[in-house]
>>> print(open('final39.cif').read())   # mmCIF, C-alpha atoms
data_data
#
loop_
_atom_site.label_atom_id
_atom_site.label_comp_id
_atom_site.auth_asym_id
_atom_site.auth_seq_id
_atom_site.Cartn_x
_atom_site.Cartn_y
_atom_site.Cartn_z
CA ASP A 1 11.06 -2.49 -1.84
CA ALA A 2 11.62 -3.05 -5.58
CA GLY A 3 14.26 -0.32 -5.66
CA ILE A 4 11.79 2.57 -5.72
CA THR A 5 12.55 5.94 -4.16
CA GLN A 6 10.55 9.16 -4.12
CA SER A 7 11.69 12.71 -3.58
CA PRO A 8 11.00 14.85 -1.77
CA ARG A 9 9.37 12.83 1.00
CA HIS A 10 7.64 15.87 2.44
CA LYS A 11 6.86 19.23 0.91
CA VAL A 12 4.90 22.29 1.94
CA THR A 13 4.14 24.83 -0.75
CA GLU A 14 1.80 27.71 -1.46
CA THR A 15 -1.18 27.85 -3.77
CA GLY A 16 -0.20 28.76 -7.30
CA THR A 17 3.38 27.52 -7.18
CA PRO A 18 4.69 24.75 -9.43
CA VAL A 19 5.71 21.48 -7.80
CA THR A 20 7.56 18.49 -9.22
CA LEU A 21 7.71 15.11 -7.53
CA ARG A 22 10.23 12.53 -8.59
CA CYS A 23 10.00 8.74 -8.68
CA HIS A 24 13.20 6.83 -9.27
CA GLN A 25 13.59 3.08 -9.81
CA THR A 26 16.74 1.04 -10.21
CA GLU A 27 15.44 -2.20 -11.72
CA ASN A 28 14.56 -1.17 -15.27
CA HIS A 29 10.82 -1.67 -14.93
CA ARG A 30 8.88 -0.58 -17.98
CA TYR A 31 5.61 0.44 -16.33
CA MET A 32 5.34 3.17 -13.69
CA TYR A 33 2.35 4.80 -12.02
CA TRP A 34 1.43 7.81 -9.92
CA TYR A 35 -1.39 7.52 -7.38
CA ARG A 36 -2.75 9.92 -4.82
CA GLN A 37 -4.18 8.78 -1.51
CA ASP A 38 -6.82 10.71 0.38
CA PRO A 39 -8.98 9.70 3.36
CA GLY A 40 -12.18 8.06 2.20
CA HIS A 41 -10.98 7.72 -1.39
CA GLY A 42 -8.34 5.04 -1.24
CA LEU A 43 -5.68 5.09 -3.95
CA ARG A 44 -6.58 6.82 -7.20
CA LEU A 45 -4.52 6.72 -10.39
CA ILE A 46 -3.27 10.06 -11.71
CA HIS A 47 -1.07 9.10 -14.67
CA TYR A 48 0.95 6.13 -15.77
CA SER A 49 3.80 5.39 -18.15
CA TYR A 50 4.41 2.36 -20.33
CA GLY A 51 7.85 3.39 -21.54
CA VAL A 52 10.17 6.33 -22.18
CA LYS A 53 8.06 9.24 -23.44
CA ASP A 54 4.92 7.04 -23.35
CA THR A 55 2.34 8.17 -20.81
CA ASP A 56 -1.42 8.13 -20.35
CA LYS A 57 -4.03 9.65 -18.08
CA GLY A 58 -5.67 8.01 -15.11
CA GLU A 59 -8.83 8.65 -13.14
CA VAL A 60 -7.79 11.99 -11.59
CA SER A 61 -5.36 13.56 -14.07
CA ASP A 62 -6.73 17.14 -14.15
CA GLY A 63 -4.13 19.61 -12.87
CA TYR A 64 -1.25 17.15 -13.23
CA SER A 65 1.28 16.42 -15.94
CA VAL A 66 3.99 13.78 -16.14
CA SER A 67 7.20 13.13 -18.01
CA ARG A 68 9.44 10.15 -18.51
CA SER A 69 12.65 10.96 -20.35
CA LYS A 70 14.57 8.02 -18.85
CA THR A 71 13.43 4.53 -17.86
CA GLU A 72 14.40 5.09 -14.23
CA ASP A 73 12.64 8.42 -13.63
CA PHE A 74 8.95 9.32 -13.70
CA LEU A 75 8.16 12.92 -12.81
CA LEU A 76 4.81 14.28 -11.65
CA THR A 77 4.26 18.04 -12.01
CA LEU A 78 1.60 20.24 -10.53
CA GLU A 79 1.79 23.30 -12.77
CA SER A 80 -0.05 25.55 -10.30
CA ALA A 81 -0.71 23.81 -6.99
CA THR A 82 -4.12 24.10 -5.34
CA SER A 83 -5.25 23.18 -1.84
CA SER A 84 -7.26 20.26 -3.30
CA GLN A 85 -3.95 18.70 -4.32
CA THR A 86 -2.86 18.33 -0.72
CA SER A 87 -2.41 14.58 -0.50
CA VAL A 88 0.00 11.70 -0.17
CA TYR A 89 1.44 10.73 -3.54
CA PHE A 90 2.66 7.22 -4.24
CA CYS A 91 4.66 6.03 -7.19
CA ALA A 92 4.43 2.37 -8.20
CA ILE A 93 6.08 -0.02 -10.63
CA LEU A 94 4.84 -3.16 -12.32
CA GLY A 95 6.79 -6.23 -11.28
CA VAL A 96 7.56 -9.43 -13.11
CA GLY A 97 4.28 -11.18 -12.24
CA ASN A 98 2.19 -8.07 -12.93
CA GLU A 99 2.16 -7.17 -9.25
CA GLN A 100 2.38 -3.48 -8.41
CA PHE A 101 4.91 -2.32 -5.82
CA PHE A 102 4.82 1.09 -4.23
CA GLY A 103 7.41 3.68 -3.36
CA PRO A 104 7.57 5.23 0.13
CA GLY A 105 5.30 8.16 -0.71
CA THR A 106 5.49 11.95 -0.73
CA ARG A 107 3.35 14.00 1.62
CA LEU A 108 2.42 17.27 -0.09
CA THR A 109 0.72 20.15 1.68
CA VAL A 110 -0.54 23.12 -0.33
CA LEU A 111 -1.33 26.15 1.81
CA GLY B 1 -14.43 0.76 -16.46
CA GLU B 2 -13.81 -1.30 -13.35
CA ASN B 3 -15.33 -0.29 -10.00
CA VAL B 4 -14.36 -1.95 -6.72
CA GLU B 5 -16.50 -1.72 -3.59
CA GLN B 6 -15.01 -2.71 -0.22
CA HIS B 7 -16.75 -3.45 3.08
CA PRO B 8 -16.65 -2.75 5.93
CA SER B 9 -14.81 0.55 6.11
CA THR B 10 -13.81 -0.14 9.73
CA LEU B 11 -13.52 -3.41 11.61
CA SER B 12 -12.65 -3.96 15.25
CA VAL B 13 -11.86 -7.41 16.62
CA GLN B 14 -10.36 -8.94 19.72
CA GLU B 15 -6.95 -10.58 19.50
CA GLY B 16 -7.36 -14.18 18.41
CA ASP B 17 -10.62 -13.60 16.56
CA SER B 18 -11.00 -13.87 12.80
CA ALA B 19 -11.50 -10.90 10.48
CA VAL B 20 -13.14 -10.90 7.08
CA ILE B 21 -13.07 -8.09 4.53
CA LYS B 22 -15.19 -8.30 1.39
CA CYS B 23 -14.89 -6.69 -2.03
CA THR B 24 -17.05 -6.70 -5.11
CA TYR B 25 -16.01 -5.75 -8.61
CA SER B 26 -17.96 -4.77 -11.70
CA ASP B 27 -15.88 -5.79 -14.71
CA SER B 28 -16.23 -9.48 -15.50
CA ALA B 29 -12.96 -9.28 -17.48
CA SER B 30 -10.98 -8.68 -14.26
CA ASN B 31 -8.85 -11.68 -13.42
CA TYR B 32 -6.22 -10.55 -10.91
CA PHE B 33 -7.14 -9.57 -7.34
CA PRO B 34 -4.41 -8.42 -4.95
CA TRP B 35 -4.69 -7.32 -1.34
CA TYR B 36 -2.50 -4.66 0.22
CA LYS B 37 -1.78 -3.84 3.86
CA GLN B 38 -0.84 -0.29 4.80
CA GLU B 39 0.47 0.54 8.24
CA LEU B 40 0.26 4.10 9.49
CA GLY B 41 2.66 6.36 7.59
CA LYS B 42 3.95 3.53 5.41
CA ARG B 43 3.52 2.44 1.81
CA PRO B 44 0.91 -0.17 0.79
CA GLN B 45 2.47 -3.63 0.81
CA LEU B 46 1.21 -6.58 -1.21
CA ILE B 47 0.24 -9.38 1.19
CA ILE B 48 -1.59 -11.88 -0.98
CA ASP B 49 -3.17 -12.10 -4.40
CA ILE B 50 -5.37 -14.45 -6.36
CA ARG B 51 -5.99 -15.01 -10.05
CA SER B 52 -9.26 -16.07 -11.59
CA ASN B 53 -8.22 -19.65 -12.26
CA VAL B 54 -8.04 -20.27 -8.50
CA GLY B 55 -10.90 -20.19 -5.98
CA GLU B 56 -8.88 -19.89 -2.79
CA LYS B 57 -5.31 -19.18 -1.74
CA LYS B 58 -3.74 -19.36 1.73
CA ASP B 59 -0.57 -18.02 3.25
CA GLN B 60 -0.23 -18.85 6.94
CA ARG B 61 -2.94 -16.88 8.76
CA ILE B 62 -4.32 -15.08 5.72
CA ALA B 63 -6.45 -16.44 2.91
CA VAL B 64 -8.29 -15.01 -0.04
CA THR B 65 -11.37 -16.48 -1.70
CA LEU B 66 -12.81 -15.59 -5.09
CA ASN B 67 -16.29 -16.11 -6.46
CA LYS B 68 -16.20 -15.14 -10.13
CA THR B 69 -19.87 -15.82 -10.70
CA ALA B 70 -20.88 -13.36 -8.01
CA LYS B 71 -17.92 -11.07 -8.73
CA HIS B 72 -16.72 -10.86 -5.19
CA PHE B 73 -13.58 -11.77 -3.29
CA SER B 74 -12.70 -11.75 0.38
CA LEU B 75 -9.71 -11.56 2.69
CA HIS B 76 -9.74 -13.78 5.77
CA ILE B 77 -7.34 -13.27 8.65
CA THR B 78 -7.38 -15.91 11.38
CA GLU B 79 -5.97 -15.69 14.91
CA THR B 80 -5.61 -11.94 14.61
CA GLN B 81 -2.75 -10.20 16.40
CA PRO B 82 -2.25 -6.51 17.33
CA GLU B 83 0.31 -6.21 14.52
CA ASP B 84 -2.46 -7.00 12.03
CA SER B 85 -3.90 -3.56 12.80
CA ALA B 86 -3.65 -1.55 9.57
CA VAL B 87 -5.63 -0.38 6.57
CA TYR B 88 -6.31 -3.12 4.03
CA PHE B 89 -7.04 -2.44 0.37
CA CYS B 90 -8.43 -4.79 -2.22
CA ALA B 91 -7.90 -4.20 -5.93
CA ALA B 92 -8.90 -5.67 -9.25
CA ILE B 93 -7.54 -5.61 -12.76
CA GLU B 94 -7.72 -7.33 -16.10
CA ASP B 95 -4.29 -8.88 -16.05
CA GLN B 96 -2.72 -7.26 -19.06
CA ALA B 97 0.76 -5.88 -18.76
CA GLY B 98 0.68 -2.26 -17.75
CA THR B 99 -2.95 -1.88 -16.76
CA ALA B 100 -3.27 -0.01 -13.47
CA LEU B 101 -5.00 -1.49 -10.44
CA ILE B 102 -8.40 -0.21 -9.38
CA PHE B 103 -8.59 -0.05 -5.59
CA GLY B 104 -11.35 -0.28 -3.06
CA LYS B 105 -11.53 2.53 -0.51
CA GLY B 106 -9.92 0.52 2.25
CA THR B 107 -10.81 -1.13 5.56
CA THR B 108 -9.27 0.01 8.83
CA LEU B 109 -8.74 -3.08 10.97
CA SER B 110 -8.14 -2.63 14.69
CA VAL B 111 -7.09 -5.62 16.77
CA SER B 112 -7.28 -5.08 20.50
CA SER B 113 -5.46 -7.23 23.01
#
>>> encode(input="final39.cif", output="structure tokens")
Amino acid sequence: DAGITQSPRHKVTETGTPVTLRCHQTENHRYMYWYRQDPGHGLRLIHYSYGVKDTDKGEVSDGYSVSRSKTEDFLLTLESATSSQTSVYFCAILGVGNEQFFGPGTRLTVL
Amino acid sequence: GENVEQHPSTLSVQEGDSAVIKCTYSDSASNYFPWYKQELGKRPQLIIDIRSNVGEKKDQRIAVTLNKTAKHFSLHITETQPEDSAVYFCAAIEDQAGTALIFGKGTTLSVSS
């Protein structure tokens, strides 16, 4: 599983509240990614990081911010959650052969 | 940017039959094409991949073919089994370090016994 964990694994929150999801990896991978998965849309990139403090936007970045202060942690923040952000969120890392490996996912429900 | 189309969206087969899932991509610079399998409630898992210097790759009952001229690639599963039932995603990327995969929307494969 490439040493990737995500927390929390499940979260229910209310519209307008801030939410932070954490991705943690133990193998010193440089590149990390956040995707969201929704029925009919597959996996869509939110943000990615190519090193400590180095991040960039993906396809669906509006309403999300990220931070990477340490190699092992990549945080995804919803500043003010909306119902449209109800989704399953997957973190991923880039492996040695440029393959991407995914974390176990976080199921977020915004009421 | 890259766009990946995947067909069909659902596929039902009988155990022992073959299953084929097809993807097309738009960016001729793409040169790495992985396939992921996602079981219900689980993370996507890489099952096979192919790079543009190869036309076909096999791993036991699964194979992937690539046609760079037509910009399409396919996943072939032979002798399907109930445990092959899952959602399958194709993806494409120009194989530079750090570039994120662009995924198709997925195919739900159901294998009935």
>>> closest_atom_pairs(input="final39.cif", of="chain B", to="chain A", cutoff="12 Å", atoms="only C-alpha atoms", output="Markdown table")
| residue | atom | partner | partner_atom | distance |
| --- | --- | --- | --- | --- |
| B:Gly1 | CA | A:Glu59 | CA | 10.2 |
| B:Glu2 | CA | A:Glu59 | CA | 11.1 |
| B:Asn3 | CA | A:Glu59 | CA | 11.5 |
| B:Val4 | CA | A:Gly42 | CA | 10.7 |
| B:Glu5 | CA | A:Gly42 | CA | 10.9 |
| B:Gln6 | CA | A:Gly42 | CA | 10.3 |
| B:Ser9 | CA | A:Gly40 | CA | 8.9 |
| B:Thr10 | CA | A:Gly40 | CA | 11.3 |
| B:Asn31 | CA | A:Asn98 | CA | 11.6 |
| B:Tyr32 | CA | A:Asn98 | CA | 9.0 |
| B:Phe33 | CA | A:Glu99 | CA | 9.8 |
| B:Pro34 | CA | A:Glu99 | CA | 8.0 |
| B:Trp35 | CA | A:Glu99 | CA | 10.5 |
| B:Tyr36 | CA | A:Phe101 | CA | 9.8 |
| B:Lys37 | CA | A:Phe102 | CA | 11.5 |
| B:Gln38 | CA | A:Phe102 | CA | 10.7 |
| B:Glu39 | CA | A:Pro104 | CA | 11.8 |
| B:Leu40 | CA | A:Pro104 | CA | 11.9 |
| B:Gly41 | CA | A:Gly105 | CA | 8.9 |
| B:Lys42 | CA | A:Pro104 | CA | 6.6 |
| B:Arg43 | CA | A:Pro104 | CA | 5.2 |
| B:Pro44 | CA | A:Phe102 | CA | 6.5 |
| B:Gln45 | CA | A:Phe101 | CA | 7.2 |
| B:Leu46 | CA | A:Phe101 | CA | 7.3 |
| B:Ile47 | CA | A:Glu99 | CA | 10.8 |
| B:Ile48 | CA | A:Glu99 | CA | 10.2 |
| B:Asp49 | CA | A:Glu99 | CA | 8.7 |
| B:Ile50 | CA | A:Glu99 | CA | 10.9 |
| B:Arg51 | CA | A:Asn98 | CA | 11.1 |
| B:Val87 | CA | A:Gly42 | CA | 9.9 |
| B:Tyr88 | CA | A:Gly42 | CA | 9.9 |
| B:Phe89 | CA | A:Gly42 | CA | 7.8 |
| B:Cys90 | CA | A:Gly42 | CA | 9.9 |
| B:Ala91 | CA | A:Leu43 | CA | 9.8 |
| B:Ala92 | CA | A:Glu99 | CA | 11.2 |
| B:Ile93 | CA | A:Asn98 | CA | 10.0 |
| B:Glu94 | CA | A:Asn98 | CA | 10.4 |
| B:Asp95 | CA | A:Asn98 | CA | 7.2 |
| B:Gln96 | CA | A:Asn98 | CA | 7.9 |
| B:Ala97 | CA | A:Asn98 | CA | 6.4 |
| B:Gly98 | CA | A:Tyr31 | CA | 5.8 |
| B:Thr99 | CA | A:Tyr31 | CA | 8.9 |
| B:Ala100 | CA | A:Leu45 | CA | 7.5 |
| B:Leu101 | CA | A:Gln100 | CA | 7.9 |
| B:Ile102 | CA | A:Arg44 | CA | 7.6 |
| B:Phe103 | CA | A:Leu43 | CA | 6.1 |
| B:Gly104 | CA | A:Gly42 | CA | 6.4 |
| B:Lys105 | CA | A:Gly42 | CA | 4.1 |
| B:Gly106 | CA | A:Gly42 | CA | 5.9 |
| B:Thr107 | CA | A:Gly42 | CA | 9.5 |
| B:Thr108 | CA | A:Gly40 | CA | 10.8 |
>>> resolve_selection(input="final39.cif", expression="the PyMOL selection byres ((chain B and resi 84) around 8)", output="list of chain:residue names")
B:Thr80, B:Gln81, B:Pro82, B:Glu83, B:Ser85, B:Ala86, B:Leu109, B:Ser110, B:Val111
>>> atom_distance(input="final39.cif", atom1="CA of Phe74 (chain A)", atom2="CA of Lys57 (chain A)")
13.7 Å
>>> atom_distance(input="final39.cif", atom1="CA of Lys22 (chain B)", atom2="CA of Ala63 (chain B)")
12.0 Å
>>> atom_distance(input="final39.cif", atom1="CA of Ala81 (chain A)", atom2="CA of Ala2 (chain A)")
29.6 Å
>>> resolve_selection(input="final39.cif", expression="the PyMOL selection byres ((chain B and resi 72-78) around 8)", output="PyMOL selection string")
chain B and resi 16-25+33+35+61-68+70-71+79-80
>>> resolve_selection(input="final39.cif", expression="the PyMOL selection byres ((chain A and resi 72) around 7)", output="PDB file with C-alpha atoms, keeping the file's coordinate frame")
ATOM      1  CA  HIS A  24      13.200   6.830  -9.270  1.00  0.00           C
ATOM      2  CA  GLN A  25      13.590   3.080  -9.810  1.00  0.00           C
ATOM      3  CA  THR A  26      16.740   1.040 -10.210  1.00  0.00           C
ATOM      4  CA  ASN A  28      14.560  -1.170 -15.270  1.00  0.00           C
ATOM      5  CA  LYS A  70      14.570   8.020 -18.850  1.00  0.00           C
ATOM      6  CA  THR A  71      13.430   4.530 -17.860  1.00  0.00           C
ATOM      7  CA  ASP A  73      12.640   8.420 -13.630  1.00  0.00           C
ATOM      8  CA  PHE A  74       8.950   9.320 -13.700  1.00  0.00           C
TER       9      PHE A  74
END
>>> residues_around(input="final39.cif", residues="Leu111 (chain A)", least_positions_apart="6", cutoff="7 Å", atoms="all atoms listed in the file", output="ChimeraX atom specification")
/A:13-15,83
>>> write_last_selection(input="final39.cif", atoms="C-alpha atoms", output="mmCIF file, in the coordinates of the input")
data_model
loop_
_atom_site.group_PDB
_atom_site.id
_atom_site.type_symbol
_atom_site.label_atom_id
_atom_site.label_comp_id
_atom_site.auth_asym_id
_atom_site.auth_seq_id
_atom_site.Cartn_x
_atom_site.Cartn_y
_atom_site.Cartn_z
ATOM 1 C CA THR A 13 4.140 24.830 -0.750
ATOM 2 C CA GLU A 14 1.800 27.710 -1.460
ATOM 3 C CA THR A 15 -1.180 27.850 -3.770
ATOM 4 C CA SER A 83 -5.250 23.180 -1.840
#
>>> residues_around(input="final39.cif", residues="Tyr64 (chain A)", least_positions_apart="2", cutoff="7 Å", atoms="only C-alpha atoms", output="short mmCIF file (atom, residue, chain, number, x, y, z; two decimals) with C-alpha atoms, in the frame of the given file")
data_model
loop_
_atom_site.label_atom_id
_atom_site.label_comp_id
_atom_site.auth_asym_id
_atom_site.auth_seq_id
_atom_site.Cartn_x
_atom_site.Cartn_y
_atom_site.Cartn_z
CA SER A 61 -5.36 13.56 -14.07
CA ASP A 62 -6.73 17.14 -14.15
CA VAL A 66 3.99 13.78 -16.14
CA LEU A 76 4.81 14.28 -11.65
CA THR A 77 4.26 18.04 -12.01
CA LEU A 78 1.60 20.24 -10.53
CA GLU A 79 1.79 23.30 -12.77
#
>>> closest_residue(input="final39.cif", among="A:Ser80, A:Val110, A:Tyr89, A:Ile4", to="Ile46 (chain A)", atoms="all atoms listed in the file")
A:Tyr89
